[in-house]
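This report refers to the structure that appears directly beneath it.
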Amino acid sequence: MREIEAKVLEVNLKKVEADLRALGAKKAFDGTLHAIYFDFPNKSLQKNKIAFRLRSDGKKNILCIKSKPVKGKVKSLDEREVQVKDFKKAQAVIKSLGFVEKLNIKKKRKSFKLGRARIELERIKGIPDFIEIEAPSQQRVVAVAKKLGFSEKSLVPWNTFKLLKYYNKKV
């Protein structure tokens, strides 16, 4: 599957949520996400622009590989996911294969669906609030951003590592 998304930094989440509700968006999730990113000690995944993540929303645990990024105003990459039953056991299996934790992070998220787009309202301790817009195409990401009052220039195609680095947070 192809993941196509972009972030808008330093937003007022209450205003965005009100705008989403006015547009008829439906809330799909409200909670905490716990994500652990893994790599080999030699950082071979990072060098090959591959992200390997285990994430839990408290109910579902998802193992994910993201690769083959395409540069542009939005982030576009291949994404493969599989649900796992036990977060801690999956983490132990991954480590037993020689992977090390590269980043262990928790964030607050509210997710909304607007047509075929998904808008994530994100809060990570120590950095300004932001949103992430995911849609089937770059054009749709831009269109949703505009509906929410953001210009195409406000979109950044960053992953979590780039976001944290931008705000000088340890990665």
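Chain identifiers are assigned as A, B, and so on, following the order in which chains appear in the structure tokens; residues are numbered from 1 within each chain, and ligands are numbered from 1 in order of appearance.
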**OP:** Could you pull out the residues in region 36-114 of chain A that DSSP calls strand (DSSP E) from the backbone, as a PyMOL selection string?
**Re:** chain A and resi 36-39+51-56+61-70+75-84+100-114
Please report as CSV every residue of region 97-146 of chain A lying within 9 Å of region 52-74 of chain A, along with the nearest atom pair and their distance in Å (one decimal), using only C-alpha atoms.
residue,atom,partner,partner_atom,distance
A:Gln138,CA,A:Val74,CA,6.3
A:Val141,CA,A:Val74,CA,7.8
A:Val142,CA,A:Val74,CA,8.6
Since we have the selection now, will you write its residues out, keeping C-alpha atoms, as a PDB file, in the first residue's frame?
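Contents of the output file again39.pdb:
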ATOM      1  CA  GLN A 138      -0.995  14.426  -3.188  1.00  0.00           C
ATOM      2  CA  VAL A 141      -3.797  16.068   0.740  1.00  0.00           C
ATOM      3  CA  VAL A 142      -3.403  19.628  -0.583  1.00  0.00           C
TER       4      VAL A 142
END
Per residue of region 6-104 of chain A within 9 Å of region 146-170 of chain A, what are the shortest atom pair and its distance in Å to one decimal, counting only C-alpha atoms, with rows by chain and residue number, as CSV?
residue,atom,partner,partner_atom,distance
A:Ala6,CA,A:Pro157,CA,4.8
A:Lys7,CA,A:Val156,CA,5.2
A:Val8,CA,A:Leu155,CA,5.2
A:Leu9,CA,A:Ser154,CA,7.6
A:Val16,CA,A:Leu148,CA,6.8
A:Asp19,CA,A:Leu148,CA,6.4
A:Leu20,CA,A:Leu148,CA,7.3
A:Leu23,CA,A:Lys147,CA,8.4
A:Lys71,CA,A:Pro157,CA,8.1
A:Gly72,CA,A:Pro157,CA,7.1
A:Lys73,CA,A:Pro157,CA,5.8
A:Val74,CA,A:Pro157,CA,4.4
A:Lys75,CA,A:Pro157,CA,4.4
A:Ser76,CA,A:Pro157,CA,8.2
A:Leu103,CA,A:Phe161,CA,8.5
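CA of Phe38 (chain A) to CA of Ser137 (chain A) spans 28.1 Å [interatomic distance, one decimal].
Using only C-alpha atoms, the smallest distance between any of A:Ser96, A:Gln91, A:Gln83, A:Ser111 and Ile36 (chain A) comes from A:Gln91.
You will find CA of Phe130 (chain A) at 24.6 Å from CA of Arg80 (chain A).
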Original post:
Could you name the residues that touch Ala135 (chain A) at 7 Å or less, counting only C-alpha atoms, but leaving out those on the same chain fewer than 4 positions away, as a PyMOL selection string?
Top reply: chain A and resi 4-5+116-118+140-141
